[in-house]
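A.B. asks: Starting off with a structure, shown below.
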Amino acid sequence: MPAAVSARQLTVTHLHARKPALRELSFAVASGSITCFLGQVGAGKSTLFKALNGLIPTVVPAKVDGQITVAGQNVHGKDTAFLAQFITLVFDDPVLQIVSLTAEEDVAFGPANMNLPREEIWSRVHAALERVGLAGFEKRDPRTMSGGEQQLLAVAGALAMRPSIIAFDEPVAMLDPIGKQRVLQAIRELNEQYGTTVLIAESGTDVEAVCEFADYLFLMDKGGIIAEGKPGAVFCRRDLIELTKLKAPQVTRLAYQLESSEALRTMPTTLGEGRELVLGLLQDSECSSPHTPLRGIESRPSAPLVASTPRPAVEVKNLHHVFPTDPPVHALRGIQLTLEAGDFVALLGQNGSGKTTLALHLVGMEKPTNPDAAVVIDGLEVQSTPLPKLVRSVNYLFQNPSDQLFCETFGEEVTFGPRALGLAGNEAESLGREAIRAVGLEHLWNEFSLGADRSTETLLSLASVLSMRPRVLIADEPTGGLDYSTAQSVMQILEQYNRMGNTIIMITHDMELAAQHARRIVVLREGEIWMDGTPQDVFSKPERLAQTRLSPPQITRLAQSLAEWGFPSDVLSVDEFARILQTGRSDKSGA
Amino acid sequence: MAVPFHYEYHNTVFHNLNPLAKLLLFSWFMFFGGLYLDPRITVPMLVALLAILHVARLPLARYRSILLVATVATMLGRGYHSILIADPAMYKAYPQGWASTLLVELTGPDFPILGRTAITYGSLLYLTALPVQLANVVLSVAGLLHTTSLGDIVSVLSRLRAPFPVTFMSSVSLRFVPLIVEHIESIKRAQSLRGWSMETRNPIRKVMLLRPLLVPLARRIVRAVDTLTMSAKNRAMGLGPVTPLVSFEFARRDRLICALVVVVSTLCIYATFVWNFGSL
């Protein structure tokens, strides 16, 4: 098969950078394939994609050595606008790539720039919107669309240009699970129906979703390709996966835990492959009858419950919120919620379900639109409490850490909050030092903080919130945009803070994160509480969950697909699944 | 979040006009409403504009605070002119004797440099004219952007053979307004929760207190400009001639509006030069 994209000895060094972002990269991508470039944040994926369509060096200044060929065109010296006819890039943030004020005009933007006849443009626009499931959205303002819809709109914009190659940079990073499925499904259909070559950059957060679709995978680290092959073959190189600190799919991590994993030539990466592996093991252990339940399940530990406290941390009564848009949007509909002090709660729901609006009411940043609503935090009525007093009881870690950061040094940043609340210099410094120690950045106290990388910014903004010691901390997508190892660090810090008796409310789209860390899950749907219970309760009801466009973690879905073999429907972690499997196999073999 | 100066699709007569007709119509209000001072002309113009905006379903409440801030700023910046127009010769449309009637004399005619400064009927008229003039300009821009999509504006500019950088900058700036408003709002929230507040009477300290807002905003804007530029290039912007998305065929009402604007503008220009139309 001819190569759609190839590079030979490609080295890219950004202006003023000391080290190259890509080093002597050589690869070829087969025409008509779906190829994933997998690597941590900073591995060079985005740089590579920008070099492929000429954004580097025409828009982003950099020194480029080596050769890139895209759809038979030598990229060297060609402008992005010209190359856009052959390769189009879809960025990770849908908001910033939408250039027009209605959906149809945004999709038409590319074809109009290509000076196609008007009839041809509108025909492509309608076909593209239909293809991604946005027919009927033509006149909608993209800002009023959910994150998933905006990303689909960006895909439609690329689709309407009909390039032979589309490169997606973290295409589903900001979407809910079903939204991810919808976008990836659209990408798959695009590949199958038009033979479009699809390139996907992925930093690991959505590796499970991407592996379901990718034909081929390049593993990147520090600007180079360190492994390539079918996803199952690449994940066989466990040493490299650990070296790059990437998150492997849960079924792959399950296989890593099995004694027989070293004999496997290809690792399972999809749900189907995981199921096949487990079925093979069960059959090898002479567990020939699927209807005999596995033993040892009864002894599974149940989730620890938080004892009811005399004064709950959060009390919300009959909370409504209507945004005065045209037509008005009823974002919250009579929310009733009580959270105990010391609880760790995950707030789930599809994009636009009301999670952030609810969270903003808890910190007094939104006001209820009905007079009889009540929001009480740590005994304080939110609406009548002055903000400086309220922020000591409840605070918010925003999804975009750079919104919170402005000081020159790390030390100034973490002491800003306590100082602004009127604490004396020594006391503020002591709180700041304690908080920065908790996130492991104390060695940077006097260092310049502006321009730090995303991981450091997230840890710093977490420290700047922790320095105010709120008894209730709301974390909005705390691991969004982070690599796996930093995400783990952030979650450990939150758990540690929770163990100190503080309440954590985490808004997330990452089901594994919720299953792993939360003791209670509240699911919102169209502004109402749709489900509320322990992670086991919530994730064991996949049909009800699917109605709010969510799905359980991959390992839970694997257990549910093996229900006839006696696997419980509420398995939450790889360790738990492995333990049940080992116990079941040894019991059956013994019997 | 609802933001001002932003296109919203509604099926109204003004949304469905040819973009060139809309551009002419709102430009007329913008130009003559901003040029004339005489409230006898600018107030009826404002009433007519408000009627148009009502039909176009413009949410006027969104512009209340903008108009208030702009009015205060204009009064501070230009309001002092009102006491400088005590000389009867300055009035061309109103009876000079009445307009220069002294209500309160501040400085006499022999005062160095300034001469006579006073509050007169004319200065009160001038102070009334300023907010009306401002409202005409702000609301006509709002009306144009509310009824005309970005693509239409870019198409009109392309049609008028505006150079590529002008078209590109217009496109990006119009897309930017709502984005910046949203960014400011989210940064304000984030900083308020860190105890940041603008409450101080000291104007120097007030400016210093803007830093927590401006530093993150500047970073966001730089990132947004970079990404929008890359997105636009990535979608073939600058490749060559652009196909206008809308047909420039004129319906009867478009032709009528264009003809009306041309006739009225010609009359206005004639009246301005010959009869000092619009002056005080």
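So you can find residues: chains in the structure tokens are A, B, ... in the order shown, residues in each start at 1, and ligands are numbered from 1 in order.
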Please, which residues in chain B fall within 9 Å of chain A when counting only C-alpha atoms, and what is the closest atom pair and distance in Å to one decimal for each, ordered by chain then residue number, as a Markdown table?

C.D. replies:
```
| residue | atom | partner | partner_atom | distance |
| --- | --- | --- | --- | --- |
| B:Met1 | CA | A:Thr325 | CA | 7.7 |
| B:Ala2 | CA | A:Thr325 | CA | 6.4 |
| B:His6 | CA | A:Leu101 | CA | 8.2 |
| B:Tyr7 | CA | A:Leu101 | CA | 6.6 |
| B:Glu8 | CA | A:Asp141 | CA | 7.1 |
| B:Tyr9 | CA | A:Lys139 | CA | 6.6 |
| B:Ser149 | CA | A:Leu101 | CA | 6.3 |
| B:Leu150 | CA | A:Ser100 | CA | 5.9 |
| B:Gly151 | CA | A:Glu105 | CA | 6.2 |
| B:Ser171 | CA | A:Val99 | CA | 7.8 |
| B:Val172 | CA | A:Val99 | CA | 7.3 |
| B:Leu174 | CA | A:Ser100 | CA | 8.9 |
| B:Arg175 | CA | A:Val99 | CA | 6.4 |
| B:Leu179 | CA | A:Leu96 | CA | 8.8 |
| B:His183 | CA | A:Asp403 | CA | 8.5 |
| B:Ser186 | CA | A:Asp403 | CA | 7.4 |
| B:Ile187 | CA | A:Asp403 | CA | 5.1 |
| B:Lys188 | CA | A:Asp403 | CA | 8.6 |
| B:Arg189 | CA | A:Met365 | CA | 6.8 |
| B:Ala190 | CA | A:Gln404 | CA | 5.6 |
| B:Gln191 | CA | A:Gln404 | CA | 6.0 |
| B:Ser192 | CA | A:Leu387 | CA | 7.8 |
| B:Leu193 | CA | A:Val391 | CA | 6.0 |
| B:Arg194 | CA | A:Gly417 | CA | 4.7 |
| B:Gly195 | CA | A:Ala420 | CA | 5.1 |
| B:Trp196 | CA | A:Ala420 | CA | 6.2 |
| B:Ser197 | CA | A:Ala420 | CA | 8.4 |
| B:Arg211 | CA | A:Phe406 | CA | 7.5 |
| B:Pro212 | CA | A:Phe406 | CA | 5.6 |
| B:Leu213 | CA | A:Phe406 | CA | 8.1 |
| B:Leu214 | CA | A:Phe406 | CA | 8.4 |
| B:Val215 | CA | A:Phe406 | CA | 5.5 |
| B:Pro216 | CA | A:Asp403 | CA | 5.4 |
| B:Leu217 | CA | A:Asp403 | CA | 7.6 |
| B:Arg219 | CA | A:Ser402 | CA | 8.0 |
| B:Arg220 | CA | A:Ser402 | CA | 8.1 |
| B:Ala224 | CA | A:Leu96 | CA | 6.3 |
| B:Val225 | CA | A:Leu96 | CA | 8.7 |
| B:Asp226 | CA | A:Val59 | CA | 8.7 |
| B:Thr227 | CA | A:Leu96 | CA | 6.2 |
| B:Leu228 | CA | A:Gln97 | CA | 5.8 |
| B:Thr229 | CA | A:Val59 | CA | 8.2 |
| B:Met230 | CA | A:Leu55 | CA | 6.9 |
| B:Ser231 | CA | A:Gln97 | CA | 5.2 |
| B:Ala232 | CA | A:Val99 | CA | 7.2 |
| B:Lys233 | CA | A:Ala81 | CA | 5.2 |
| B:Asn234 | CA | A:Ala84 | CA | 5.6 |
| B:Arg235 | CA | A:Gly110 | CA | 4.7 |
| B:Ala236 | CA | A:Ala81 | CA | 3.8 |
| B:Met237 | CA | A:Asn113 | CA | 5.4 |
| B:Gly238 | CA | A:Ala81 | CA | 6.2 |
| B:Leu239 | CA | A:Ala81 | CA | 5.2 |
| B:Gly240 | CA | A:Asn113 | CA | 7.0 |
| B:Pro241 | CA | A:Asn115 | CA | 6.0 |
| B:Val242 | CA | A:Asn113 | CA | 4.8 |
| B:Thr243 | CA | A:Asn115 | CA | 4.8 |
| B:Pro244 | CA | A:Ala112 | CA | 7.0 |
| B:Leu245 | CA | A:Arg118 | CA | 6.5 |
| B:Val246 | CA | A:Arg118 | CA | 8.1 |
| B:Ser247 | CA | A:Arg118 | CA | 8.6 |
```

A.B. asks: Could you dump the residues just selected with C-alpha atoms as an mmCIF file, in the first residue's frame?

C.D. replies:
```cif
data_model
loop_
_atom_site.group_PDB
_atom_site.id
_atom_site.type_symbol
_atom_site.label_atom_id
_atom_site.label_comp_id
_atom_site.auth_asym_id
_atom_site.auth_seq_id
_atom_site.Cartn_x
_atom_site.Cartn_y
_atom_site.Cartn_z
ATOM 1 C CA MET B 1 -23.302 33.184 28.504
ATOM 2 C CA ALA B 2 -25.001 35.985 26.591
ATOM 3 C CA HIS B 6 -22.671 38.977 18.665
ATOM 4 C CA TYR B 7 -24.617 37.465 15.785
ATOM 5 C CA GLU B 8 -27.788 35.603 16.718
ATOM 6 C CA TYR B 9 -29.925 34.001 14.099
ATOM 7 C CA SER B 149 -23.184 36.727 10.406
ATOM 8 C CA LEU B 150 -19.420 36.743 10.287
ATOM 9 C CA GLY B 151 -19.434 34.947 6.935
ATOM 10 C CA SER B 171 -13.099 37.978 10.798
ATOM 11 C CA VAL B 172 -10.816 37.182 13.741
ATOM 12 C CA LEU B 174 -15.500 39.629 15.398
ATOM 13 C CA ARG B 175 -14.996 36.031 16.504
ATOM 14 C CA LEU B 179 -14.451 34.804 23.359
ATOM 15 C CA HIS B 183 -12.426 34.592 29.211
ATOM 16 C CA SER B 186 -13.959 32.909 33.951
ATOM 17 C CA ILE B 187 -10.739 34.615 35.074
ATOM 18 C CA LYS B 188 -12.712 36.975 37.328
ATOM 19 C CA ARG B 189 -14.357 33.965 38.930
ATOM 20 C CA ALA B 190 -11.067 32.164 39.444
ATOM 21 C CA GLN B 191 -9.426 35.213 41.042
ATOM 22 C CA SER B 192 -12.430 36.144 43.209
ATOM 23 C CA LEU B 193 -12.171 32.712 44.795
ATOM 24 C CA ARG B 194 -8.592 33.517 45.737
ATOM 25 C CA GLY B 195 -9.786 36.557 47.640
ATOM 26 C CA TRP B 196 -9.108 39.062 44.832
ATOM 27 C CA SER B 197 -11.295 42.133 44.837
ATOM 28 C CA ARG B 211 -2.927 42.536 37.366
ATOM 29 C CA PRO B 212 -4.514 39.214 38.451
ATOM 30 C CA LEU B 213 -7.057 39.763 35.696
ATOM 31 C CA LEU B 214 -4.800 41.066 32.952
ATOM 32 C CA VAL B 215 -1.907 38.578 33.160
ATOM 33 C CA PRO B 216 -4.048 35.432 32.666
ATOM 34 C CA LEU B 217 -6.146 37.289 30.077
ATOM 35 C CA ARG B 219 -1.870 34.661 28.100
ATOM 36 C CA ARG B 220 -5.287 33.413 27.008
ATOM 37 C CA ALA B 224 -6.372 32.171 21.233
ATOM 38 C CA VAL B 225 -4.794 34.343 18.525
ATOM 39 C CA ASP B 226 -2.220 31.650 17.785
ATOM 40 C CA THR B 227 -4.797 28.886 17.566
ATOM 41 C CA LEU B 228 -7.282 30.933 15.540
ATOM 42 C CA THR B 229 -4.547 31.910 13.098
ATOM 43 C CA MET B 230 -3.458 28.288 12.766
ATOM 44 C CA SER B 231 -7.083 27.133 12.390
ATOM 45 C CA ALA B 232 -7.751 29.670 9.656
ATOM 46 C CA LYS B 233 -4.567 28.810 7.726
ATOM 47 C CA ASN B 234 -5.276 25.128 8.242
ATOM 48 C CA ARG B 235 -8.600 25.687 6.520
ATOM 49 C CA ALA B 236 -7.050 27.205 3.438
ATOM 50 C CA MET B 237 -7.520 30.865 4.368
ATOM 51 C CA GLY B 238 -5.215 32.891 2.145
ATOM 52 C CA LEU B 239 -5.114 30.307 -0.652
ATOM 53 C CA GLY B 240 -6.618 32.711 -3.163
ATOM 54 C CA PRO B 241 -9.976 34.256 -4.079
ATOM 55 C CA VAL B 242 -12.800 33.371 -1.660
ATOM 56 C CA THR B 243 -16.254 32.294 -2.785
ATOM 57 C CA PRO B 244 -18.901 34.602 -1.238
ATOM 58 C CA LEU B 245 -21.226 32.398 0.796
ATOM 59 C CA VAL B 246 -24.293 34.455 0.060
ATOM 60 C CA SER B 247 -25.712 35.459 -3.222
#
```

A.B. asks: Pick out the residues sitting within 12 Å of Arg437 in chain A, and hand them over as a list in words; count only C-alpha atoms, and ignore anything fewer than 3 positions along from it in its own chain.

C.D. replies: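 Residues near the query, excluding close chain neighbours: Phe410, Gly411, Val414, Glu429, Ser430, Leu431, Gly432, Arg433, Glu434, Gly440, Leu441, Glu442, His443, Leu444, Trp445, Leu459, Leu460, Leu462, Ala463, Ser464, Leu466, Ser467 and Ile493 of chain A.
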
A.B. asks: For Pro88 in chain B, which residue among B:Ser265, B:Leu60, B:Thr74, B:Ala118 is the nearest when counting only C-alpha atoms?

C.D. replies: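 When distances to Pro88 in chain B are compared using only C-alpha atoms, the smallest one comes from B:Ala118.
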
A.B. asks: Rank nothing, just name the residue among B:Ala259, B:Met75, B:Val47, B:Leu24 nearest to Leu127 in chain B, using only C-alpha atoms.

C.D. replies: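 Smallest distance to Leu127 in chain B is found for B:Met75.
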
A.B. asks: For the atom pair CA of Val571 in chain A and CA of Ser540 in chain A, what is the interatomic distance in Å to one decimal place?

C.D. replies: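 Answer for the CA of Val571 in chain A to CA of Ser540 in chain A separation: 8.2 Å.
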
A.B. asks: Find the spatial neighbours of Thr101 in chain B, counting only C-alpha atoms, within a cut-off of 10 Å - ignore same-chain residues fewer than 5 positions away - and output them as a PyMOL selection string.

C.D. replies: chain B and resi 86-88+96+118-123

A.B. asks: Mind listing the helix (DSSP H, G or I) residues of range 11-245 of chain B, per DSSP on the backbone, as a count of residues only?

C.D. replies: 162

A.B. asks: Skipping near chain neighbours, those fewer than 5 positions away, what residues fall within 8 Å of range 187-195 of chain A using only C-alpha atoms, listed as a VMD selection string?

C.D. replies: chain A and resid 31 to 34 164 213

A.B. asks: With N, CA and C atoms kept, could you save the residues just selected as a PDB file, in the first residue's frame?

C.D. replies:
```
ATOM      1  N   SER A  31      -1.628   4.470   3.252  1.00  0.00           N
ATOM      2  CA  SER A  31      -2.800   5.187   2.761  1.00  0.00           C
ATOM      3  C   SER A  31      -4.072   4.457   3.190  1.00  0.00           C
ATOM      4  N   GLY A  32      -5.058   5.201   3.648  1.00  0.00           N
ATOM      5  CA  GLY A  32      -6.342   4.614   4.028  1.00  0.00           C
ATOM      6  C   GLY A  32      -6.362   3.989   5.403  1.00  0.00           C
ATOM      7  N   SER A  33      -5.297   4.173   6.184  1.00  0.00           N
ATOM      8  CA  SER A  33      -5.257   3.551   7.518  1.00  0.00           C
ATOM      9  C   SER A  33      -5.690   4.546   8.594  1.00  0.00           C
ATOM     10  N   ILE A  34      -5.958   4.012   9.790  1.00  0.00           N
ATOM     11  CA  ILE A  34      -6.154   4.877  10.964  1.00  0.00           C
ATOM     12  C   ILE A  34      -4.938   4.642  11.851  1.00  0.00           C
ATOM     13  N   SER A 164      -7.345  14.185   1.541  1.00  0.00           N
ATOM     14  CA  SER A 164      -7.122  12.731   1.569  1.00  0.00           C
ATOM     15  C   SER A 164      -6.594  12.296   2.934  1.00  0.00           C
ATOM     16  N   PHE A 213     -10.199   1.840  17.601  1.00  0.00           N
ATOM     17  CA  PHE A 213     -10.314   2.265  16.206  1.00  0.00           C
ATOM     18  C   PHE A 213      -9.011   2.201  15.414  1.00  0.00           C
TER      19      PHE A 213
END
```

A.B. asks: So that I can see what lies close to Ala93 in chain B, please list as JSON, numbers by chain the residues with an atom at most 9 Å from it, counting only C-alpha atoms and leaving out residues fewer than 2 positions away in the same chain.

C.D. replies: {"B": [38, 91, 95, 96, 275, 276, 277, 278, 279, 280]}

A.B. asks: For Leu184 in chain A, work out the shell of residues within 8 Å, counting only C-alpha atoms and skipping chain neighbours fewer than 2 positions away, then give it as a PyMOL selection string.

C.D. replies: chain A and resi 172+180-182+186-188+209-210+213

A.B. asks: Could you dump the residues just selected with N, CA and C atoms as a compact mmCIF listing (two decimals), in the first residue's frame?

C.D. replies:
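Generated file (result10.txt):
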```
# COMPACT_ATOMS: atom_id res chain seq x y z
N VAL A 172 -10.65 13.64 21.27
CA VAL A 172 -11.78 13.42 22.19
C VAL A 172 -11.43 13.80 23.62
N LYS A 180 -17.17 10.81 22.98
CA LYS A 180 -15.92 10.25 22.42
C LYS A 180 -16.27 9.20 21.36
N GLN A 181 -17.20 8.31 21.73
CA GLN A 181 -17.61 7.25 20.81
C GLN A 181 -18.15 7.85 19.51
N ARG A 182 -18.94 8.91 19.67
CA ARG A 182 -19.61 9.51 18.50
C ARG A 182 -18.56 10.12 17.56
N ALA A 186 -17.51 8.71 13.86
CA ALA A 186 -17.53 9.56 12.66
C ALA A 186 -16.19 9.44 11.93
N ILE A 187 -15.10 9.37 12.70
CA ILE A 187 -13.77 9.24 12.09
C ILE A 187 -13.67 7.89 11.36
N ARG A 188 -14.17 6.86 12.00
CA ARG A 188 -14.14 5.51 11.39
C ARG A 188 -14.93 5.49 10.08
N ALA A 209 -10.37 4.31 24.15
CA ALA A 209 -11.28 4.65 23.06
C ALA A 209 -10.54 4.63 21.73
N VAL A 210 -9.32 5.15 21.69
CA VAL A 210 -8.57 5.25 20.43
C VAL A 210 -8.15 3.85 19.94
N PHE A 213 -10.20 1.84 17.60
CA PHE A 213 -10.31 2.27 16.21
C PHE A 213 -9.01 2.20 15.41
```
